[in-house]
>>> print(open('start.cif').read())   # mmCIF, C-alpha atoms
data_input
#
loop_
_atom_site.group_PDB
_atom_site.id
_atom_site.type_symbol
_atom_site.label_atom_id
_atom_site.label_comp_id
_atom_site.auth_asym_id
_atom_site.auth_seq_id
_atom_site.Cartn_x
_atom_site.Cartn_y
_atom_site.Cartn_z
ATOM 1 C CA MET A 1 -7.879 15.702 -3.366
ATOM 2 C CA LYS A 2 -5.691 13.492 -1.209
ATOM 3 C CA ILE A 3 -1.936 13.375 -1.004
ATOM 4 C CA VAL A 4 -0.933 9.727 -0.874
ATOM 5 C CA PRO A 5 2.402 7.887 -0.842
ATOM 6 C CA VAL A 6 3.692 6.250 -4.007
ATOM 7 C CA LEU A 7 4.557 2.561 -3.848
ATOM 8 C CA LEU A 8 8.173 3.432 -3.251
ATOM 9 C CA ALA A 9 9.997 1.564 -0.552
ATOM 10 C CA ILE A 10 11.036 4.264 1.918
ATOM 11 C CA PHE A 11 14.669 5.259 1.899
ATOM 12 C CA THR A 12 15.947 7.410 4.741
ATOM 13 C CA CYS A 13 15.742 10.958 3.409
ATOM 14 C CA ASN A 14 18.586 12.483 5.372
ATOM 15 C CA CYS A 15 21.229 10.126 4.006
ATOM 16 C CA LEU A 16 24.111 11.926 2.379
ATOM 17 C CA PHE A 17 24.894 11.273 -1.233
ATOM 18 C CA SER A 18 28.399 10.260 -0.212
ATOM 19 C CA GLN A 19 26.905 7.560 1.993
ATOM 20 C CA GLN A 20 24.781 6.322 -0.879
ATOM 21 C CA LEU A 21 27.851 6.076 -3.061
ATOM 22 C CA LEU A 22 29.274 3.580 -0.572
ATOM 23 C CA ASP A 23 26.673 1.260 -2.044
ATOM 24 C CA SER A 24 28.470 0.345 -5.241
ATOM 25 C CA SER A 25 25.162 -0.378 -6.938
ATOM 26 C CA PHE A 26 24.010 3.251 -6.674
ATOM 27 C CA LYS A 27 25.757 4.627 -9.703
ATOM 28 C CA THR A 28 25.173 5.379 -13.346
ATOM 29 C CA TYR A 29 24.265 2.258 -15.302
ATOM 30 C CA GLU A 30 22.825 1.225 -18.651
ATOM 31 C CA GLN A 31 19.733 -0.958 -18.749
ATOM 32 C CA THR A 32 19.970 -3.340 -21.662
ATOM 33 C CA ILE A 33 16.619 -4.088 -23.263
ATOM 34 C CA PRO A 34 16.538 -7.878 -23.784
ATOM 35 C CA ASP A 35 16.527 -9.213 -27.342
ATOM 36 C CA SER A 36 18.106 -6.000 -28.605
ATOM 37 C CA GLU A 37 21.307 -3.998 -28.515
ATOM 38 C CA LEU A 38 19.525 -0.927 -27.169
ATOM 39 C CA LYS A 39 20.225 0.430 -23.698
ATOM 40 C CA ILE A 40 18.619 3.025 -21.426
ATOM 41 C CA LYS A 41 21.125 5.134 -19.494
ATOM 42 C CA MET A 42 20.026 5.665 -15.893
ATOM 43 C CA MET A 43 21.471 8.385 -13.642
ATOM 44 C CA PRO A 44 21.583 8.189 -9.798
ATOM 45 C CA ILE A 45 19.718 10.977 -8.021
ATOM 46 C CA PRO A 46 20.585 11.441 -4.315
ATOM 47 C CA SER A 47 18.019 11.622 -1.578
ATOM 48 C CA GLY A 48 17.531 15.115 -0.179
ATOM 49 C CA SER A 49 15.323 18.146 0.207
ATOM 50 C CA PHE A 50 14.332 20.933 -2.167
ATOM 51 C CA THR A 51 11.709 23.614 -2.594
ATOM 52 C CA MET A 52 9.022 22.581 -5.071
ATOM 53 C CA GLY A 53 7.030 25.313 -6.757
ATOM 54 C CA ASN A 54 7.560 29.046 -6.967
ATOM 55 C CA ASN A 55 6.008 31.693 -4.735
ATOM 56 C CA ASN A 56 6.981 34.382 -7.261
ATOM 57 C CA ALA A 57 5.257 32.711 -10.192
ATOM 58 C CA GLU A 58 2.308 34.346 -11.901
ATOM 59 C CA ALA A 59 0.501 31.015 -12.081
ATOM 60 C CA ALA A 60 -1.435 30.145 -8.941
ATOM 61 C CA ASN A 61 -0.934 26.418 -9.531
ATOM 62 C CA GLU A 62 2.787 26.773 -8.703
ATOM 63 C CA LYS A 63 2.081 28.160 -5.227
ATOM 64 C CA PRO A 64 2.690 27.921 -2.343
ATOM 65 C CA ALA A 65 6.217 26.595 -2.663
ATOM 66 C CA ARG A 66 6.849 23.647 -0.358
ATOM 67 C CA LYS A 67 9.934 22.042 1.155
ATOM 68 C CA ILE A 68 9.865 18.430 -0.027
ATOM 69 C CA ASN A 69 11.973 15.445 1.018
ATOM 70 C CA LEU A 70 12.733 12.706 -1.475
ATOM 71 C CA SER A 71 14.198 9.235 -1.348
ATOM 72 C CA ALA A 72 16.956 8.314 -3.780
ATOM 73 C CA PHE A 73 16.176 7.050 -7.263
ATOM 74 C CA TRP A 74 17.535 6.671 -10.770
ATOM 75 C CA ILE A 75 16.091 8.578 -13.712
ATOM 76 C CA GLY A 76 16.701 8.236 -17.436
ATOM 77 C CA ALA A 77 19.442 10.492 -18.754
ATOM 78 C CA TYR A 78 17.333 10.923 -21.894
ATOM 79 C CA GLU A 79 13.714 10.850 -22.895
ATOM 80 C CA ILE A 80 12.681 7.377 -24.056
ATOM 81 C CA THR A 81 13.422 7.199 -27.766
ATOM 82 C CA ARG A 82 11.261 5.809 -30.524
ATOM 83 C CA ASP A 83 13.839 3.057 -31.121
ATOM 84 C CA GLN A 84 13.502 1.915 -27.486
ATOM 85 C CA TYR A 85 9.745 2.304 -27.430
ATOM 86 C CA ASP A 86 9.282 0.346 -30.670
ATOM 87 C CA LEU A 87 10.678 -2.787 -29.023
ATOM 88 C CA PHE A 88 7.556 -2.698 -26.852
ATOM 89 C CA PHE A 89 5.236 -1.532 -29.630
ATOM 90 C CA LYS A 90 6.331 -4.345 -31.964
ATOM 91 C CA ASP A 91 6.879 -7.144 -29.425
ATOM 92 C CA GLU A 92 5.108 -10.096 -31.030
ATOM 93 C CA ALA A 93 5.284 -12.051 -27.778
ATOM 94 C CA THR A 94 2.949 -9.522 -26.138
ATOM 95 C CA ALA A 95 -0.782 -9.397 -26.885
ATOM 96 C CA ILE A 96 -2.156 -6.305 -28.612
ATOM 97 C CA ASN A 97 -4.585 -4.163 -26.622
ATOM 98 C CA SER A 98 -5.717 -7.121 -24.554
ATOM 99 C CA ASP A 99 -8.421 -6.723 -21.920
ATOM 100 C CA VAL A 100 -7.321 -9.997 -20.352
ATOM 101 C CA ASP A 101 -3.538 -9.897 -20.207
ATOM 102 C CA ALA A 102 -1.895 -7.689 -17.607
ATOM 103 C CA ILE A 103 0.940 -6.859 -19.990
ATOM 104 C CA THR A 104 -0.331 -5.722 -23.347
ATOM 105 C CA ARG A 105 0.929 -3.494 -26.144
ATOM 106 C CA PRO A 106 -0.627 -0.691 -28.163
ATOM 107 C CA THR A 107 -2.874 -0.879 -31.146
ATOM 108 C CA ALA A 108 -1.392 0.442 -34.377
ATOM 109 C CA GLN A 109 -1.488 4.175 -35.017
ATOM 110 C CA TYR A 110 -4.129 5.007 -37.621
ATOM 111 C CA ILE A 111 -1.726 7.564 -39.125
ATOM 112 C CA ASP A 112 1.947 8.315 -38.526
ATOM 113 C CA LEU A 113 1.797 10.325 -35.306
ATOM 114 C CA THR A 114 5.400 11.421 -35.589
ATOM 115 C CA TRP A 115 4.195 13.793 -38.344
ATOM 116 C CA ASN A 116 7.448 13.312 -40.279
ATOM 117 C CA MET A 117 9.528 14.816 -37.460
ATOM 118 C CA GLY A 118 11.686 11.727 -37.003
ATOM 119 C CA LYS A 119 11.526 8.117 -35.801
ATOM 120 C CA GLU A 120 14.610 5.907 -35.677
ATOM 121 C CA GLY A 121 18.042 7.127 -34.699
ATOM 122 C CA GLY A 122 17.396 8.707 -31.304
ATOM 123 C CA TYR A 123 14.259 10.812 -31.716
ATOM 124 C CA PRO A 124 11.979 10.855 -28.647
ATOM 125 C CA ALA A 125 8.915 8.625 -28.526
ATOM 126 C CA ASN A 126 5.840 10.809 -28.733
ATOM 127 C CA SER A 127 2.046 11.037 -28.956
ATOM 128 C CA MET A 128 1.363 8.381 -26.324
ATOM 129 C CA SER A 129 -1.035 8.566 -23.394
ATOM 130 C CA GLN A 130 0.119 8.279 -19.804
ATOM 131 C CA PHE A 131 -1.383 4.768 -19.791
ATOM 132 C CA ASN A 132 0.777 3.889 -22.787
ATOM 133 C CA ALA A 133 3.928 5.151 -21.050
ATOM 134 C CA LEU A 134 3.094 3.181 -17.915
ATOM 135 C CA MET A 135 2.497 0.034 -19.935
ATOM 136 C CA PHE A 136 5.966 0.476 -21.451
ATOM 137 C CA CYS A 137 7.315 0.524 -17.885
ATOM 138 C CA ARG A 138 5.402 -2.632 -17.029
ATOM 139 C CA TRP A 139 6.631 -4.359 -20.178
ATOM 140 C CA LEU A 140 10.212 -3.350 -19.345
ATOM 141 C CA TYR A 141 9.768 -4.787 -15.829
ATOM 142 C CA LYS A 142 8.599 -8.080 -17.333
ATOM 143 C CA LYS A 143 11.576 -8.134 -19.681
ATOM 144 C CA THR A 144 14.271 -7.187 -17.164
ATOM 145 C CA GLY A 145 12.920 -7.973 -13.707
ATOM 146 C CA VAL A 146 13.769 -4.383 -12.725
ATOM 147 C CA PHE A 147 10.957 -2.144 -11.489
ATOM 148 C CA TYR A 148 10.471 1.014 -13.569
ATOM 149 C CA ARG A 149 7.765 3.667 -13.542
ATOM 150 C CA LEU A 150 7.138 7.312 -14.370
ATOM 151 C CA PRO A 151 8.576 9.995 -12.074
ATOM 152 C CA THR A 152 6.301 11.779 -9.653
ATOM 153 C CA GLU A 153 5.985 15.525 -10.167
ATOM 154 C CA ALA A 154 8.224 16.083 -7.139
ATOM 155 C CA GLU A 155 10.880 13.671 -8.386
ATOM 156 C CA TRP A 156 10.859 15.255 -11.817
ATOM 157 C CA GLU A 157 11.317 18.786 -10.496
ATOM 158 C CA TYR A 158 14.006 17.709 -8.020
ATOM 159 C CA ALA A 159 15.928 15.890 -10.763
ATOM 160 C CA CYS A 160 15.573 18.822 -13.146
ATOM 161 C CA ARG A 161 16.844 21.336 -10.573
ATOM 162 C CA ALA A 162 19.942 19.240 -9.858
ATOM 163 C CA GLY A 163 20.630 21.361 -6.792
ATOM 164 C CA SER A 164 19.671 24.696 -8.350
ATOM 165 C CA SER A 165 17.145 27.056 -6.762
ATOM 166 C CA ASP A 166 17.042 29.296 -9.853
ATOM 167 C CA LYS A 167 14.394 29.584 -12.535
ATOM 168 C CA TYR A 168 16.404 27.236 -14.737
ATOM 169 C CA TYR A 169 18.902 24.550 -13.801
ATOM 170 C CA PHE A 170 21.593 26.683 -15.469
ATOM 171 C CA GLY A 171 20.719 29.926 -13.646
ATOM 172 C CA ASN A 172 18.324 32.771 -14.377
ATOM 173 C CA GLU A 173 19.512 33.881 -17.806
ATOM 174 C CA LYS A 174 16.745 33.182 -20.314
ATOM 175 C CA ASN A 175 19.189 33.683 -23.179
ATOM 176 C CA GLU A 176 20.918 30.447 -22.140
ATOM 177 C CA LEU A 177 17.813 28.449 -23.069
ATOM 178 C CA ASN A 178 19.086 28.236 -26.613
ATOM 179 C CA ASN A 179 22.038 26.133 -25.445
ATOM 180 C CA ASN A 180 19.968 23.956 -23.128
ATOM 181 C CA ALA A 181 16.586 23.306 -24.738
ATOM 182 C CA TRP A 182 14.606 22.896 -27.940
ATOM 183 C CA PHE A 183 11.695 25.325 -27.859
ATOM 184 C CA ALA A 184 9.614 27.426 -30.256
ATOM 185 C CA ALA A 185 12.394 29.898 -31.074
ATOM 186 C CA ASN A 186 14.996 27.329 -32.160
ATOM 187 C CA SER A 187 13.222 24.032 -32.874
ATOM 188 C CA ASP A 188 11.723 24.755 -36.294
ATOM 189 C CA LEU A 189 8.539 23.541 -34.542
ATOM 190 C CA LYS A 190 9.615 19.918 -34.369
ATOM 191 C CA TYR A 191 11.279 17.682 -31.824
ATOM 192 C CA HIS A 192 14.938 16.704 -32.203
ATOM 193 C CA LYS A 193 17.177 13.763 -31.384
ATOM 194 C CA ALA A 194 17.733 13.320 -27.667
ATOM 195 C CA GLY A 195 20.854 14.699 -26.029
ATOM 196 C CA GLN A 196 21.888 17.436 -28.457
ATOM 197 C CA LYS A 197 21.650 20.271 -25.923
ATOM 198 C CA LYS A 198 23.603 20.720 -22.680
ATOM 199 C CA PRO A 199 22.729 18.452 -19.743
ATOM 200 C CA ASN A 200 21.988 19.664 -16.231
ATOM 201 C CA ALA A 201 24.444 19.160 -13.355
ATOM 202 C CA TRP A 202 23.187 15.593 -12.806
ATOM 203 C CA GLY A 203 23.725 14.565 -16.414
ATOM 204 C CA LEU A 204 20.102 14.765 -17.565
ATOM 205 C CA TYR A 205 19.352 15.958 -21.099
ATOM 206 C CA ASP A 206 16.280 17.722 -22.495
ATOM 207 C CA MET A 207 14.645 18.239 -19.117
ATOM 208 C CA LEU A 208 13.371 21.503 -20.580
ATOM 209 C CA GLY A 209 11.974 21.482 -24.091
ATOM 210 C CA ASN A 210 12.011 18.862 -26.854
ATOM 211 C CA VAL A 211 8.976 16.847 -25.668
ATOM 212 C CA CYS A 212 6.849 17.523 -22.602
ATOM 213 C CA GLU A 213 7.114 14.621 -20.136
ATOM 214 C CA TRP A 214 4.481 12.602 -18.327
ATOM 215 C CA THR A 215 4.631 12.350 -14.561
ATOM 216 C CA LEU A 216 2.796 9.824 -12.402
ATOM 217 C CA ASP A 217 0.674 12.487 -10.739
ATOM 218 C CA HIS A 218 -2.924 13.536 -11.037
ATOM 219 C CA TYR A 219 -3.107 17.223 -11.910
ATOM 220 C CA SER A 220 -4.819 19.654 -9.556
ATOM 221 C CA THR A 221 -4.469 23.419 -9.458
ATOM 222 C CA ASP A 222 -4.396 23.378 -5.649
ATOM 223 C CA TYR A 223 -2.017 20.439 -5.218
ATOM 224 C CA TYR A 224 0.709 22.500 -3.531
ATOM 225 C CA SER A 225 -1.701 24.122 -1.097
ATOM 226 C CA ARG A 226 -2.664 20.647 0.096
ATOM 227 C CA LEU A 227 0.917 19.580 0.610
ATOM 228 C CA LYS A 228 2.724 20.127 3.898
ATOM 229 C CA ASP A 229 6.340 21.157 4.312
ATOM 230 C CA ASP A 230 8.763 18.279 4.854
ATOM 231 C CA THR A 231 6.479 15.759 3.172
ATOM 232 C CA LEU A 232 8.398 12.632 2.149
ATOM 233 C CA ASP A 233 7.908 11.338 -1.400
ATOM 234 C CA PRO A 234 4.586 13.078 -2.116
ATOM 235 C CA HIS A 235 2.247 11.986 -4.842
ATOM 236 C CA ALA A 236 -1.270 13.062 -5.747
ATOM 237 C CA GLU A 237 -4.151 10.593 -5.662
ATOM 238 C CA ILE A 238 -4.614 7.945 -8.340
ATOM 239 C CA LEU A 239 -7.125 8.907 -11.010
ATOM 240 C CA THR A 240 -9.776 6.557 -12.284
ATOM 241 C CA THR A 241 -10.285 8.788 -15.325
ATOM 242 C CA LYS A 242 -8.056 9.539 -18.307
ATOM 243 C CA TYR A 243 -7.699 13.247 -17.500
ATOM 244 C CA PRO A 244 -6.037 15.282 -16.111
ATOM 245 C CA HIS A 245 -2.460 14.255 -15.335
ATOM 246 C CA THR A 246 0.579 16.452 -14.786
ATOM 247 C CA LEU A 247 3.353 16.944 -17.324
ATOM 248 C CA LYS A 248 6.603 18.823 -16.866
ATOM 249 C CA GLY A 249 9.402 20.362 -18.892
ATOM 250 C CA GLY A 250 7.653 21.924 -21.835
ATOM 251 C CA SER A 251 8.278 21.125 -25.481
ATOM 252 C CA TYR A 252 9.503 22.270 -28.854
ATOM 253 C CA LEU A 253 6.208 24.161 -29.254
ATOM 254 C CA ASP A 254 6.520 26.339 -26.150
ATOM 255 C CA ASN A 255 7.947 29.835 -25.981
ATOM 256 C CA ALA A 256 10.792 30.857 -23.705
ATOM 257 C CA ASN A 257 8.483 32.368 -21.081
ATOM 258 C CA GLU A 258 6.903 28.957 -20.474
ATOM 259 C CA LEU A 259 10.078 26.902 -20.337
ATOM 260 C CA TYR A 260 11.126 26.956 -16.681
ATOM 261 C CA ILE A 261 11.420 24.326 -13.976
ATOM 262 C CA SER A 262 8.353 25.002 -11.825
ATOM 263 C CA LYS A 263 5.938 25.305 -14.768
ATOM 264 C CA ARG A 264 3.109 22.720 -14.677
ATOM 265 C CA TRP A 265 1.038 21.371 -17.558
ATOM 266 C CA SER A 266 -2.243 19.470 -17.477
ATOM 267 C CA SER A 267 -3.293 16.847 -20.026
ATOM 268 C CA GLU A 268 -6.412 17.698 -22.022
ATOM 269 C CA PRO A 269 -9.126 15.743 -23.889
ATOM 270 C CA ALA A 270 -8.445 18.000 -26.890
ATOM 271 C CA TRP A 271 -5.159 16.141 -27.338
ATOM 272 C CA ASN A 272 -7.194 13.282 -28.805
ATOM 273 C CA LYS A 273 -9.855 15.193 -30.715
ATOM 274 C CA ARG A 274 -8.947 13.836 -34.181
ATOM 275 C CA ASP A 275 -8.871 10.181 -33.112
ATOM 276 C CA PRO A 276 -11.457 8.397 -35.280
ATOM 277 C CA GLN A 277 -11.894 5.501 -32.865
ATOM 278 C CA ILE A 278 -15.041 5.175 -30.775
ATOM 279 C CA PRO A 279 -14.303 5.190 -27.923
ATOM 280 C CA LYS A 280 -11.138 7.271 -28.234
ATOM 281 C CA SER A 281 -7.860 5.373 -28.044
ATOM 282 C CA LYS A 282 -6.428 4.856 -24.569
ATOM 283 C CA TRP A 283 -2.979 4.447 -26.152
ATOM 284 C CA TRP A 284 -2.461 7.313 -28.580
ATOM 285 C CA LEU A 285 -2.972 11.085 -28.550
ATOM 286 C CA THR A 286 -3.550 12.280 -32.088
ATOM 287 C CA ASP A 287 -2.989 15.938 -31.195
ATOM 288 C CA ALA A 288 -0.130 15.622 -28.718
ATOM 289 C CA ALA A 289 2.942 15.110 -30.863
ATOM 290 C CA HIS A 290 4.765 17.188 -28.234
ATOM 291 C CA VAL A 291 4.274 14.619 -25.428
ATOM 292 C CA GLY A 292 6.826 11.974 -24.394
ATOM 293 C CA PHE A 293 8.335 10.516 -21.208
ATOM 294 C CA ARG A 294 11.375 9.300 -19.303
ATOM 295 C CA ILE A 295 11.500 6.585 -16.658
ATOM 296 C CA VAL A 296 12.463 6.233 -13.008
ATOM 297 C CA ARG A 297 13.699 3.380 -10.836
ATOM 298 C CA PRO A 298 13.548 3.741 -7.015
ATOM 299 C CA LEU A 299 16.705 2.846 -5.097
ATOM 300 C CA THR A 300 14.823 0.600 -2.703
ATOM 301 C CA VAL A 301 13.332 -2.296 -4.598
ATOM 302 C CA PRO A 302 9.633 -3.146 -4.198
ATOM 303 C CA SER A 303 8.785 -6.818 -3.838
ATOM 304 C CA PRO A 304 7.274 -8.580 -6.862
ATOM 305 C CA GLY A 305 3.892 -8.372 -5.183
ATOM 306 C CA GLU A 306 4.249 -4.645 -4.524
ATOM 307 C CA ALA A 307 5.367 -4.055 -8.102
ATOM 308 C CA GLU A 308 2.364 -5.896 -9.507
ATOM 309 C CA GLU A 309 0.053 -4.021 -7.148
ATOM 310 C CA PHE A 310 1.530 -0.731 -8.336
ATOM 311 C CA TYR A 311 1.033 -1.483 -12.030
ATOM 312 C CA LYS A 312 -2.479 -2.771 -11.439
ATOM 313 C CA LYS A 313 -3.443 0.402 -9.571
ATOM 314 C CA TYR A 314 -2.060 2.727 -12.223
ATOM 315 C CA THR A 315 -3.027 0.860 -15.374
ATOM 316 C CA GLY A 316 -6.032 -1.186 -14.271
ATOM 317 C CA ARG A 317 -4.194 -4.328 -15.481
#
>>> encode(input="start.cif", output="structure tokens")
Amino acid sequence: MKIVPVLLAIFTCNCLFSQQLLDSSFKTYEQTIPDSELKIKMMPIPSGSFTMGNNNAEAANEKPARKINLSAFWIGAYEITRDQYDLFFKDEATAINSDVDAITRPTAQYIDLTWNMGKEGGYPANSMSQFNALMFCRWLYKKTGVFYRLPTEAEWEYACRAGSSDKYYFGNEKNELNNNAWFAANSDLKYHKAGQKKPNAWGLYDMLGNVCEWTLDHYSTDYYSRLKDDTLDPHAEILTTKYPHTLKGGSYLDNANELYISKRWSSEPAWNKRDPQIPKSKWWLTDAAHVGFRIVRPLTVPSPGEAEEFYKKYTGR
């Protein structure tokens, strides 16, 4: 497995957050989705260094911990909601499941994949493949002219930690999970509306629990062992297959022992086992109601050509 750079324009890693704030554009903002009243709140995340992984973890795939340097970026304060996602899903100006058009939208779900847990009103979008989440990002780029994508595994963990080196972003007290996350013990085994638990220090909600979140990265058990300390903006190689990709954060189905920052999940073919389509849908995961996503925008803007190259590499479109 190779470690390759993401198509992120490089931003000097040792800049101080205070220096970044001198750029008046690097601040919290709300991205309006055209032709709607819906907005996506985006939070500024400073460039800096952190330790990714956990040398004390029982799981080998979280070791060895590495010092990682990251450029600045914005990340969604909340998981993308079904209301926001449906603007893409139901956009009549975009072709459905086209093999010709670069920007295409999903086929209809053959059953309601929210399983009566909630749709409109702020519930997280769920049951979509990583490809589906990336196509939402591409659609949003077309609509707004602003480049969005999924976070890398490193970006996700850095944003979740919000400066903490503890097991959780709120410390090491597992009992505090109840105030910060929806998980098996308090969720009634269903996801909940975004933003009902406490945020982390950088204003991000539901980073642990509720729905597990896609990252951009290919999953490999030995990813960290292949990384080097002081790597800038790391990202695992691009997959040409549907599986496996890395998810972070855990979900409403997970127990407290699994809901911590450095925990890594891998996508599985079993998440689509009940899909009646042949071949299986590239859009929907019939057995992954616990899977959702949030989006990222890098501080340094890629050119239109670089943005199109990125989407083509990651979606094949």
>>> closest_residue(input="start.cif", among="A:Leu227, A:Ala181, A:Ile33, A:Leu87", to="Lys198 (chain A)", atoms="only C-alpha atoms")
A:Ala181
>>> closest_residue(input="start.cif", among="A:Met117, A:Ile261, A:Ala289, A:Leu134", to="Thr51 (chain A)", atoms="all atoms listed in the file")
A:Ile261
>>> atom_distance(input="start.cif", atom1="CA of Arg105 (chain A)", atom2="CA of Arg138 (chain A)")
10.2 Å
>>> residues_around(input="start.cif", residues="Ala270 (chain A)", least_positions_apart="2", cutoff="9 Å", atoms="only C-alpha atoms", output="PyMOL selection string")
chain A and resi 267-268+272-274+285+287-288
>>> residues_around(input="start.cif", residues="Ser303 (chain A)", least_positions_apart="4", cutoff="10 Å", atoms="all atoms listed in the file", output="tab-separated table (two decimals) with C-alpha atoms, keeping the file's coordinate frame")
chain	number	residue	atom	x	y	z
A	9	ALA	CA	10.00	1.56	-0.55
A	147	PHE	CA	10.96	-2.14	-11.49
A	307	ALA	CA	5.37	-4.06	-8.10
A	308	GLU	CA	2.36	-5.90	-9.51
A	309	GLU	CA	0.05	-4.02	-7.15
>>> closest_residue(input="start.cif", among="A:Ile238, A:Leu259, A:Ala201, A:Val146", to="Gly316 (chain A)", atoms="only C-alpha atoms")
A:Ile238
>>> closest_residue(input="start.cif", among="A:Asn200, A:Asn132, A:Ser71, A:Asn55", to="Phe88 (chain A)", atoms="all atoms listed in the file")
A:Asn132
>>> resolve_selection(input="start.cif", expression="the PyMOL selection byres ((chain A and resi 59) around 12)", output="list in words")
Gly53, Asn54, Asn55, Asn56, Ala57, Glu58, Ala60, Asn61, Glu62, Lys63, Pro64, Ala65, Thr221, Asp222, Glu258, Ser262, Lys263, Arg264 and Trp265 of chain A
>>> atom_distance(input="start.cif", atom1="CA of Gly48 (chain A)", atom2="CA of Asn257 (chain A)")
28.6 Å
>>> resolve_selection(input="start.cif", expression="the PyMOL selection byres ((chain A and resi 143) around 10)", output="ChimeraX atom specification")
/A:32-35,88,137-142,144-146
>>> axis_aligned_box(input="start.cif", around="region 138-150 of chain A", padding_each_side="4 Å", output="lines of an AutoDock Vina configuration file")
center_x = 9.8
center_y = -0.4
center_z = -15.8
size_x = 16.9
size_y = 23.4
size_z = 16.7
>>> closest_residue(input="start.cif", among="A:Thr114, A:Asn255, A:Asn69, A:Thr94", to="Arg82 (chain A)", atoms="only C-alpha atoms")
A:Thr114
>>> residues_around(input="start.cif", residues="Leu38 (chain A)", least_positions_apart="2", cutoff="12 Å", atoms="all atoms listed in the file", output="PyMOL selection string")
chain A and resi 30-36+40-41+80-87+120-122
>>> closest_residue(input="start.cif", among="A:Tyr219, A:Tyr252, A:Tyr243, A:Trp271", to="Phe131 (chain A)", atoms="only C-alpha atoms")
A:Tyr243
>>> residues_around(input="start.cif", residues="Ala159 (chain A)", least_positions_apart="3", cutoff="10 Å", atoms="all atoms listed in the file", output="list in words")
Met43, Pro44, Ile45, Pro46, Phe73, Trp74, Ile75, Pro151, Glu153, Ala154, Glu155, Trp156, Ala162, Gly163, Ser164, Tyr169, Asn200, Ala201, Trp202, Gly203, Leu204 and Met207 of chain A
>>> atom_distance(input="start.cif", atom1="CA of Lys193 (chain A)", atom2="CA of Lys282 (chain A)")
26.1 Å
>>> resolve_selection(input="start.cif", expression="the PyMOL selection byres ((chain A and resi 212) around 10)", output="CSV table (one decimal) with C-alpha atoms, in the coordinates of the input")
chain,number,residue,atom,x,y,z
A,79,GLU,CA,13.7,10.8,-22.9
A,126,ASN,CA,5.8,10.8,-28.7
A,206,ASP,CA,16.3,17.7,-22.5
A,207,MET,CA,14.6,18.2,-19.1
A,208,LEU,CA,13.4,21.5,-20.6
A,209,GLY,CA,12.0,21.5,-24.1
A,210,ASN,CA,12.0,18.9,-26.9
A,211,VAL,CA,9.0,16.8,-25.7
A,213,GLU,CA,7.1,14.6,-20.1
A,214,TRP,CA,4.5,12.6,-18.3
A,215,THR,CA,4.6,12.4,-14.6
A,247,LEU,CA,3.4,16.9,-17.3
A,248,LYS,CA,6.6,18.8,-16.9
A,249,GLY,CA,9.4,20.4,-18.9
A,250,GLY,CA,7.7,21.9,-21.8
A,251,SER,CA,8.3,21.1,-25.5
A,252,TYR,CA,9.5,22.3,-28.9
A,253,LEU,CA,6.2,24.2,-29.3
A,254,ASP,CA,6.5,26.3,-26.2
A,265,TRP,CA,1.0,21.4,-17.6
A,288,ALA,CA,-0.1,15.6,-28.7
A,289,ALA,CA,2.9,15.1,-30.9
A,290,HIS,CA,4.8,17.2,-28.2
A,291,VAL,CA,4.3,14.6,-25.4
A,292,GLY,CA,6.8,12.0,-24.4
A,293,PHE,CA,8.3,10.5,-21.2
A,294,ARG,CA,11.4,9.3,-19.3
>>> decode(input="start.cif", residues="region 198-225 of chain A", atoms="C-alpha atoms", output="compact mmCIF listing (two decimals), in the first residue's frame")
# COMPACT_ATOMS: atom_id res chain seq x y z
CA LYS A 198 -22.50 18.45 23.30
CA PRO A 199 -20.04 19.63 20.63
CA ASN A 200 -16.27 19.30 20.88
CA ALA A 201 -14.01 22.31 21.51
CA TRP A 202 -14.07 23.22 17.80
CA GLY A 203 -17.86 23.27 17.60
CA LEU A 204 -18.34 19.90 15.91
CA TYR A 205 -21.35 17.77 16.86
CA ASP A 206 -21.81 13.99 16.79
CA MET A 207 -18.19 13.25 15.99
CA LEU A 208 -18.67 10.17 18.16
CA GLY A 209 -21.82 8.14 17.74
CA ASN A 210 -25.07 8.79 15.86
CA VAL A 211 -23.89 7.62 12.41
CA CYS A 212 -20.45 6.31 11.50
CA GLU A 213 -18.77 8.62 8.98
CA TRP A 214 -17.06 7.94 5.68
CA THR A 215 -13.51 9.15 5.17
CA LEU A 216 -11.70 9.47 1.84
CA ASP A 217 -9.17 6.80 2.73
CA HIS A 218 -8.65 3.23 1.68
CA TYR A 219 -8.64 0.98 4.73
CA SER A 220 -5.56 -1.06 5.59
CA THR A 221 -4.69 -2.66 8.90
CA ASP A 222 -1.05 -1.61 8.52
CA TYR A 223 -1.67 1.95 7.33
CA TYR A 224 -0.02 3.57 10.35
CA SER A 225 3.07 1.39 10.14
